[in-house]
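Accompanying notes for the structure given below.
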Amino acid sequence: MQVLVRDNDVDKALRILKRKMQREGVFREMKRRRSYEKPSERKTREKSDAIRRQRKVARKQAIREGLLPAPVKKVPAARPGVLPSTTSTRPDRDRPQGQLTATTPRS
């Protein structure tokens, strides 16, 4: 695995390296090898991993075919101290301050 450092930006190169290692499964493998795993435990784990992968493939296939509804994407919650986004889906935030929501008939 190789990461090029450009403009002496070591922090960015380190982030890229960590991302590549995460995608390759290096951290998962390190965690698994911390302690000895009995052959029977290994077979059990590999079997459950295979079942999990099969279920995931079947679920994605069912979503593509329209048999299952697509999962709803979660909207990240607002964090304290962070300004709200300017692109809001809530209509009451799109109005300027001071306007009423209900219109009253004028005579």
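Residues in the structure tokens are named by chain (A, B, ... in the order shown) and by number from 1 within that chain; ligands are numbered from 1 in the order shown.
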
If you count only C-alpha atoms, which residues fall within 12 Å of A:Leu17, apart from same-chain ones fewer than 3 positions away, as a compact mmCIF listing (two decimals) with N, CA and C atoms, in the first residue's frame?
```txt
# COMPACT_ATOMS: atom_id res chain seq x y z
N MET A 1 0.86 -1.16 0.00
CA MET A 1 0.00 0.00 0.00
C MET A 1 0.90 1.23 0.00
N GLN A 2 0.58 2.19 -0.84
CA GLN A 2 1.44 3.35 -1.01
C GLN A 2 0.61 4.61 -1.07
N VAL A 3 1.09 5.65 -0.36
CA VAL A 3 0.42 6.95 -0.36
C VAL A 3 1.49 8.00 -0.65
N LEU A 4 1.21 8.85 -1.60
CA LEU A 4 2.15 9.92 -1.94
C LEU A 4 1.87 11.15 -1.08
N VAL A 5 2.94 11.75 -0.57
CA VAL A 5 2.82 12.98 0.23
C VAL A 5 3.09 14.15 -0.70
N VAL A 10 1.57 16.00 5.42
CA VAL A 10 1.61 14.66 6.01
C VAL A 10 0.26 14.29 6.61
N ASP A 11 -0.44 15.27 7.17
CA ASP A 11 -1.74 14.97 7.80
C ASP A 11 -2.73 14.43 6.78
N LYS A 12 -2.76 15.05 5.60
CA LYS A 12 -3.68 14.59 4.56
C LYS A 12 -3.28 13.20 4.08
N ALA A 13 -1.98 12.97 3.93
CA ALA A 13 -1.51 11.65 3.49
C ALA A 13 -1.85 10.58 4.53
N LEU A 14 -1.76 10.94 5.81
CA LEU A 14 -2.11 9.99 6.87
C LEU A 14 -3.60 9.65 6.84
N LYS A 20 -7.54 4.03 3.22
CA LYS A 20 -7.20 2.86 2.41
C LYS A 20 -7.13 1.61 3.27
N MET A 21 -6.53 1.73 4.45
CA MET A 21 -6.41 0.57 5.35
C MET A 21 -7.79 0.12 5.82
N GLN A 22 -8.68 1.07 6.07
CA GLN A 22 -10.04 0.73 6.49
C GLN A 22 -10.75 -0.05 5.39
N ARG A 23 -10.62 0.41 4.15
CA ARG A 23 -11.28 -0.26 3.02
C ARG A 23 -10.72 -1.65 2.78
N GLU A 24 -9.42 -1.84 3.00
CA GLU A 24 -8.79 -3.14 2.78
C GLU A 24 -9.08 -4.11 3.91
N VAL A 26 -7.67 -3.96 7.02
CA VAL A 26 -6.47 -4.19 7.82
C VAL A 26 -6.79 -4.07 9.31
N PHE A 27 -7.59 -3.07 9.69
CA PHE A 27 -7.91 -2.88 11.10
C PHE A 27 -8.73 -4.05 11.64
```

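Across the structure, atom CA of A:Leu67 and atom CA of A:Arg53 are spaced 18.9 Å apart.
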
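For the atom pair formed by atom CA of A:Lys47 and atom CA of A:Lys31, the distance is 18.7 Å, given to one decimal.
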